[in-house]
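Student: Sharing input_6.txt (compact mmCIF, C-alpha atoms) below.
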```
# COMPACT_ATOMS: atom_id res chain seq x y z
CA MET A 1 -51.49 -3.44 -2.28
CA GLU A 2 -51.03 -6.77 -0.57
CA GLN A 3 -48.61 -8.00 -3.20
CA LEU A 4 -46.35 -4.96 -2.75
CA ASP A 5 -46.46 -5.38 1.02
CA MET A 6 -45.31 -8.95 0.59
CA LEU A 7 -42.66 -7.89 -1.89
CA TRP A 8 -41.40 -5.29 0.57
CA LYS A 9 -40.95 -7.98 3.23
CA TYR A 10 -39.38 -10.21 0.57
CA GLN A 11 -36.90 -7.45 -0.21
CA ASP A 12 -36.00 -7.06 3.48
CA LEU A 13 -35.08 -10.74 3.63
CA ASP A 14 -33.34 -10.58 0.26
CA LEU A 15 -31.20 -7.63 1.39
CA LEU A 16 -30.39 -9.46 4.61
CA MET A 17 -29.09 -12.37 2.53
CA ASP A 18 -26.98 -9.98 0.49
CA GLN A 19 -25.60 -8.54 3.72
CA TYR A 20 -24.41 -11.98 4.80
CA VAL A 21 -22.46 -12.27 1.55
CA ALA A 22 -20.98 -8.80 2.02
CA ASP A 23 -20.07 -9.56 5.66
CA GLN A 24 -18.32 -12.73 4.58
CA ARG A 25 -16.39 -10.87 1.89
CA ASN A 26 -15.42 -8.04 4.24
CA SER A 27 -14.68 -10.23 7.23
CA ASP A 28 -11.54 -9.27 9.18
CA SER A 29 -10.53 -12.93 9.20
CA ARG A 30 -10.82 -13.08 5.41
CA LYS A 31 -8.73 -9.93 5.04
CA LYS A 32 -6.06 -11.43 7.31
CA LEU A 33 -6.14 -14.65 5.29
CA LEU A 34 -5.67 -12.80 2.00
CA LYS A 35 -2.84 -10.73 3.48
CA LEU A 36 -1.10 -13.83 4.84
CA LYS A 37 -1.62 -15.65 1.54
CA ARG A 38 -0.06 -12.81 -0.46
CA TYR A 39 2.86 -12.72 1.99
CA LEU A 40 3.41 -16.48 1.79
CA VAL A 41 3.28 -16.53 -2.02
CA LYS A 42 5.74 -13.63 -2.19
CA GLN A 43 8.13 -15.23 0.31
CA ASP A 44 7.91 -18.65 -1.34
CA ASN A 45 8.89 -17.11 -4.67
CA TYR A 46 11.69 -15.20 -2.93
CA LEU A 47 12.96 -18.40 -1.28
CA VAL A 48 13.06 -20.14 -4.65
CA ARG A 49 15.29 -17.36 -6.01
CA LEU A 50 17.50 -17.44 -2.90
CA ASP A 51 17.84 -21.22 -3.09
CA ARG A 52 18.96 -20.93 -6.69
CA GLU A 53 21.51 -18.29 -5.70
CA ALA A 54 22.74 -20.49 -2.84
CA GLN A 55 23.21 -23.38 -5.26
CA ARG A 56 25.12 -21.10 -7.63
CA LYS A 57 27.43 -19.96 -4.83
CA SER A 58 27.93 -23.54 -3.66
CA SER A 59 28.83 -24.63 -7.19
CA LEU A 60 31.27 -21.72 -7.45
CA CYS A 61 32.93 -22.82 -4.19
CA ASP A 62 33.33 -26.36 -5.54
CA LYS A 63 34.82 -24.98 -8.75
CA ILE A 64 37.39 -22.88 -6.85
CA ARG A 65 38.35 -25.85 -4.68
CA GLN A 66 38.84 -27.98 -7.78
CA GLU A 67 41.00 -25.27 -9.36
CA CYS A 68 43.10 -25.10 -6.18
CA ASP A 69 43.51 -28.88 -6.20
CA THR A 70 44.57 -28.76 -9.85
CA ILE A 71 47.20 -26.08 -9.13
CA ARG A 72 48.53 -28.01 -6.09
CA SER A 73 48.75 -31.14 -8.22
CA SER A 74 50.81 -29.20 -10.76
CA MET A 75 53.08 -27.93 -7.99
CA GLU A 76 53.55 -31.50 -6.72
CA THR A 77 54.47 -32.61 -10.22
CA GLU A 78 57.13 -29.88 -10.39
CA ARG A 79 58.56 -31.01 -7.03
CA GLU A 80 58.74 -34.61 -8.21
CA LYS A 81 60.93 -33.51 -11.12
CA LEU A 82 63.53 -32.38 -8.60
CA SER A 83 63.73 -35.86 -7.05
CA THR A 84 64.57 -37.61 -10.33
CA ASP A 85 68.08 -38.91 -11.02
CA GLU A 86 68.57 -36.48 -13.87
CA ALA A 87 69.80 -33.18 -12.44
CA PRO A 88 67.89 -30.15 -13.78
CA THR A 89 69.76 -27.40 -15.51
CA MET A 90 69.87 -23.85 -14.24
CA VAL A 91 67.42 -22.89 -16.95
CA ASP A 92 65.06 -25.63 -15.74
CA LEU A 93 65.44 -24.50 -12.13
CA ASP A 94 64.69 -20.90 -13.04
CA ALA A 95 61.63 -21.93 -15.00
CA MET A 96 60.45 -24.19 -12.17
CA GLU A 97 60.95 -21.42 -9.62
CA LYS A 98 59.06 -18.93 -11.76
CA SER A 99 56.26 -21.45 -12.32
CA GLY A 100 56.13 -22.21 -8.59
CA ILE A 101 55.83 -18.53 -7.70
CA GLU A 102 53.02 -18.07 -10.23
CA MET A 103 51.14 -21.13 -8.99
CA LYS A 104 51.57 -20.07 -5.36
CA GLY A 105 50.16 -16.66 -6.29
CA GLN A 106 47.25 -18.33 -8.02
CA ILE A 107 46.61 -20.48 -4.94
CA LEU A 108 46.59 -17.42 -2.68
CA LYS A 109 44.14 -15.60 -4.95
CA LYS A 110 41.87 -18.64 -5.19
CA GLU A 111 41.95 -19.13 -1.40
CA ALA A 112 41.14 -15.44 -0.85
CA SER A 113 38.20 -15.70 -3.27
CA LEU A 114 37.03 -18.89 -1.57
CA LYS A 115 37.28 -17.30 1.88
CA GLN A 116 35.21 -14.30 0.76
CA LEU A 117 32.66 -16.52 -0.94
CA LEU A 118 32.31 -18.73 2.15
CA GLN A 119 31.73 -15.63 4.27
CA GLU A 120 29.05 -14.45 1.84
CA MET A 121 27.43 -17.88 1.98
CA LYS A 122 27.40 -17.75 5.78
CA VAL A 123 25.53 -14.41 5.71
CA PHE A 124 23.35 -15.70 2.89
CA GLN A 125 22.44 -18.84 4.81
CA LYS A 126 21.46 -16.80 7.88
CA LYS A 127 19.18 -14.74 5.68
CA LEU A 128 17.61 -17.90 4.29
CA ASP A 129 17.09 -19.35 7.79
CA ASP A 130 15.47 -16.10 9.01
CA ILE A 131 13.05 -16.04 6.07
CA ARG A 132 12.17 -19.73 6.49
CA GLU A 133 11.47 -19.10 10.18
CA LYS A 134 9.17 -16.18 9.36
CA VAL A 135 7.40 -18.22 6.69
CA ALA A 136 6.88 -21.09 9.14
CA ARG A 137 5.29 -18.68 11.65
CA ALA A 138 3.12 -17.13 8.92
CA LYS A 139 1.89 -20.59 7.88
CA LYS A 140 0.89 -21.35 11.46
CA ASP A 141 -0.94 -18.01 11.64
CA TYR A 142 -2.67 -18.81 8.36
CA ILE A 143 -3.92 -22.15 9.69
CA ASN A 144 -5.25 -20.56 12.90
CA VAL A 145 -6.92 -17.64 11.10
CA LYS A 146 -8.46 -19.98 8.52
CA LYS A 147 -9.92 -22.08 11.31
CA ASP A 148 -11.63 -18.97 12.73
CA TYR A 149 -12.75 -17.85 9.26
CA ASP A 150 -14.20 -21.28 8.43
CA ALA A 151 -16.18 -21.19 11.68
CA GLU A 152 -17.49 -17.70 10.84
CA VAL A 153 -18.46 -18.76 7.32
CA ALA A 154 -20.23 -21.89 8.59
CA LYS A 155 -22.26 -19.79 11.03
CA MET A 156 -23.10 -17.18 8.36
CA ARG A 157 -24.16 -19.85 5.87
CA GLN A 158 -26.42 -21.48 8.44
CA GLU A 159 -28.06 -18.16 9.30
CA ARG A 160 -28.34 -17.21 5.62
CA ALA A 161 -29.98 -20.55 4.84
CA GLY A 162 -32.61 -19.80 7.47
CA VAL A 163 -33.27 -16.37 5.96
CA LYS A 164 -33.42 -17.87 2.46
CA LYS A 165 -36.02 -20.38 3.60
CA LYS A 166 -38.22 -17.58 4.94
CA ARG A 167 -37.68 -15.46 1.81
CA ASP A 168 -38.51 -18.31 -0.58
CA SER A 169 -41.58 -19.22 1.46
CA LEU A 170 -42.77 -15.63 1.23
CA GLY A 171 -41.89 -15.48 -2.48
CA ALA A 172 -44.17 -18.44 -3.17
CA GLY A 173 -47.14 -16.16 -2.44
CA ILE A 174 -46.02 -13.35 -4.76
CA ASP A 175 -47.27 -13.20 -8.33
CA PRO A 176 -44.56 -14.69 -10.60
CA PRO A 177 -44.55 -11.72 -13.04
CA LEU A 178 -44.02 -9.31 -10.12
CA LEU A 179 -41.22 -11.45 -8.73
CA THR A 180 -39.62 -11.64 -12.17
CA LYS A 181 -39.80 -7.84 -12.49
CA TYR A 182 -38.17 -7.53 -9.06
CA ARG A 183 -35.28 -9.81 -10.06
CA ASN A 184 -34.78 -8.04 -13.38
CA ILE A 185 -34.54 -4.65 -11.68
CA LYS A 186 -32.22 -6.02 -8.98
CA ALA A 187 -29.80 -7.15 -11.67
CA SER A 188 -28.89 -3.48 -12.20
CA LYS A 189 -29.79 -1.71 -8.96
CA THR A 190 -30.66 -2.33 -5.35
CA PRO A 191 -32.85 -1.88 -3.44
CA VAL A 192 -35.58 -2.59 -5.95
CA LEU A 193 -38.48 -1.11 -4.00
CA SER A 194 -38.18 2.54 -3.06
CA VAL A 195 -40.35 4.22 -0.43
CA MET A 196 -42.16 7.28 -1.68
CA GLU A 197 -41.81 10.10 0.85
CA ASN A 198 -42.63 13.79 0.46
CA ASN A 199 -43.69 13.05 -3.12
CA GLN A 200 -40.15 11.91 -3.91
CA CYS A 201 -38.62 8.62 -4.94
CA GLY A 202 -36.57 7.35 -1.99
CA GLY A 203 -34.07 5.82 -4.38
CA CYS A 204 -33.07 8.72 -6.61
CA PHE A 205 -34.86 11.55 -4.71
CA ILE A 206 -36.50 12.96 -7.82
CA ASN A 207 -39.78 14.84 -7.38
CA LEU A 208 -42.65 12.77 -8.69
CA ALA A 209 -45.55 14.05 -10.78
CA SER A 210 -48.86 14.46 -8.96
CA LEU A 211 -50.48 11.77 -11.10
CA VAL A 212 -47.68 9.32 -10.24
CA VAL A 213 -47.99 10.15 -6.55
CA GLN A 214 -51.72 9.50 -6.67
CA LYS A 215 -51.26 6.15 -8.44
CA VAL A 216 -48.71 5.02 -5.84
CA ARG A 217 -50.97 6.10 -2.98
CA ASN A 218 -53.95 4.30 -4.48
CA GLY A 219 -51.92 1.12 -4.83
CA GLU A 220 -54.02 0.00 -7.77
CA LYS A 221 -51.05 -1.16 -9.84
CA ILE A 222 -47.26 -1.38 -9.91
CA VAL A 223 -45.68 2.02 -10.53
CA GLU A 224 -42.01 2.44 -11.41
CA CYS A 225 -39.98 5.61 -11.01
CA GLU A 226 -39.54 7.18 -14.42
CA ASN A 227 -36.03 8.27 -13.47
CA CYS A 228 -34.37 5.27 -11.79
CA GLY A 229 -36.80 2.47 -12.65
CA ARG A 230 -37.36 1.34 -9.05
CA ILE A 231 -40.76 0.12 -7.94
CA LEU A 232 -42.38 2.85 -5.86
CA TYR A 233 -43.81 1.76 -2.53
CA TYR A 234 -46.05 3.79 -0.26
CA LYS A 235 -46.22 3.08 3.44
CA GLY A 236 -49.68 4.31 4.31
```
What does this structure look like when you write it as structure tokens?
Tutor:
Amino acid sequence: MEQLDMLWKYQDLDLLMDQYVADQRNSDSRKKLLKLKRYLVKQDNYLVRLDREAQRKSSLCDKIRQECDTIRSSMETEREKLSTDEAPTMVDLDAMEKSGIEMKGQILKKEASLKQLLQEMKVFQKKLDDIREKVARAKKDYINVKKDYDAEVAKMRQERAGVKKKRDSLGAGIDPPLLTKYRNIKASKTPVLSVMENNQCGGCFINLASLVVQKVRNGEKIVECENCGRILYYKG
């Protein structure tokens, strides 16, 4: 049947168009892009958390420094009492000495905590710098890969447009009801047309009844496989 022959050629072009879409989706460049994108999103989120932690550590350092300054100010106040005209009593001197020892101990503890925190921040900052460097390299890679991918896609779209033009031109000569049937079947399975070989449907490989085989061979009308619903096509 001439119409089926045309539909078979239409299907070849239609499948070729589908292949362009699949090739674009499975492109190595696209896979690299998606991998780089996932990496960049993950690292950006990680950097946000690290920046927040760095700010917290920085604020803690400022707080410790302020506490040290407050303690030193208190120690200076105690020293100034000794320079006044009024001589302190022994009780006052003992209390001042005890207070001075306590404040000195507090200063030493605060300075030790500050020293440890500053060391942690130094290691922390190096970690941040390393991650930012890796992210910067990944962003450059992303730009380069995307440039290649965009070029691939542009070429595929141009080729696909040429195939579509041929397919649509061929489709203009196919009976509308037959073309509608083709599209309806394709919505659930592909390919739509199945070659009948050895009295079997080439789509589901079921053995066909003799009467069905004869109808397909005669090409008098459209025959669908009773099992899979594909349009049976016989290459004489």
Student: Box for stretch 155-173 of chain A: with edges along x, y and z, all listed atoms inside and 3 Å added on each side, what are the centre and edge lengths in Å to one decimal, as AutoDock Vina command-line options?
Tutor:
```
--center_x -34.7 --center_y -18.5 --center_z 3.9 --size_x 30.9 --size_y 12.0 --size_z 20.2
```
Student: Using Å and a single decimal, report how far atom CA of A:Glu2 sits from atom CA of A:Gly171.
Tutor: 12.8 Å
Student: Could you check the closest approach to A:Ser29 for each of A:Asp168, A:Glu197, A:Glu224, A:Glu152 and tell me which residue wins, using only C-alpha atoms?
Tutor: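 Smallest distance to A:Ser29 is found for A:Glu152.
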Student: Give as a VMD selection string the set of residues within 12 Å of the point (9.6, -14.7, 8.6), where distances use the file's coordinates and all atoms listed in the file.
Tutor: chain A and resid 36 39 to 40 42 to 44 46 to 47 127 to 141
Student: So that I can check the surroundings of A:Ser27, please list as a PyMOL selection string every protein, DNA and RNA residue that reaches within 10 Å of it, counting all atoms listed in the file and ignoring chain neighbours fewer than 5 positions away.
Tutor: chain A and resi 21-22+32-33+149+152-153
Student: Give me, please, the distance in Å between atom CA of A:Leu170 and atom CA of A:Tyr10, quoted to one decimal.
Tutor: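 Between these atoms lies a distance of 6.4 Å.
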Student: Atom CA of A:Ile185 to atom CA of A:Cys228: how many Å, to one decimal?
Tutor: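 Separation between atom CA of A:Ile185 and atom CA of A:Cys228: 9.9 Å.
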Student: Name the closest residue to A:Lys181 among the candidates A:Ala54, A:Ile231, A:Ala161, A:Ala154; distances are taken between atoms, counting all atoms listed in the file.
Tutor: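 Nearest candidate to A:Lys181 out of A:Ala54, A:Ile231, A:Ala161, A:Ala154: A:Ile231.
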Student: May I ask which of the residues A:Cys225, A:Val195, A:Met156, A:Cys201 is the closest one to A:Asp5, counting only C-alpha atoms?
Tutor: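 When distances to A:Asp5 are compared using only C-alpha atoms, the smallest one comes from A:Val195.
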Student: Do a neighbour search on A:Leu118 at 12 Å with all atoms listed in the file, toss out local chain neighbours closer than 2 positions, and write the hits as a list in words.
Tutor: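 The contact residues come out as Ala54, Lys57, Ser58, Ser59, Leu60, Cys61, Asp62, Ile64, Arg65, Glu111, Ala112, Ser113, Leu114, Lys115, Gln116, Glu120, Met121, Lys122, Val123, Phe124 and Gln125 of chain A.
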Student: Neighbours of A:Asn218 within 12 Å (only C-alpha atoms; same-chain residues fewer than 6 positions away dropped), as a PyMOL selection string?
Tutor: chain A and resi 1+211-212+232-236
Student: From the list A:Phe205, A:Gln3, A:Tyr20, A:Glu76, which residue is nearest A:Gly162 when using all atoms listed in the file?
Tutor: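 Nearest candidate to A:Gly162 out of A:Phe205, A:Gln3, A:Tyr20, A:Glu76: A:Tyr20.
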Student: Please provide as a ChimeraX atom specification all residues within 9 Å of stretch 104-108 of chain A, with the sequence filter that same-chain residues fewer than 3 positions apart are discarded (counting only C-alpha atoms).
Tutor: /A:67-68,71-72,75,99-101,111-113
Student: Okay, now the selection with C-alpha atoms, as a PDB file, in the frame of the given file?
Tutor:
```pdb
ATOM      1  CA  GLU A  67      41.000 -25.270  -9.360  1.00  0.00           C
ATOM      2  CA  CYS A  68      43.100 -25.100  -6.180  1.00  0.00           C
ATOM      3  CA  ILE A  71      47.200 -26.080  -9.130  1.00  0.00           C
ATOM      4  CA  ARG A  72      48.530 -28.010  -6.090  1.00  0.00           C
ATOM      5  CA  MET A  75      53.080 -27.930  -7.990  1.00  0.00           C
ATOM      6  CA  SER A  99      56.260 -21.450 -12.320  1.00  0.00           C
ATOM      7  CA  GLY A 100      56.130 -22.210  -8.590  1.00  0.00           C
ATOM      8  CA  ILE A 101      55.830 -18.530  -7.700  1.00  0.00           C
ATOM      9  CA  GLU A 111      41.950 -19.130  -1.400  1.00  0.00           C
ATOM     10  CA  ALA A 112      41.140 -15.440  -0.850  1.00  0.00           C
ATOM     11  CA  SER A 113      38.200 -15.700  -3.270  1.00  0.00           C
TER      12      SER A 113
END
```
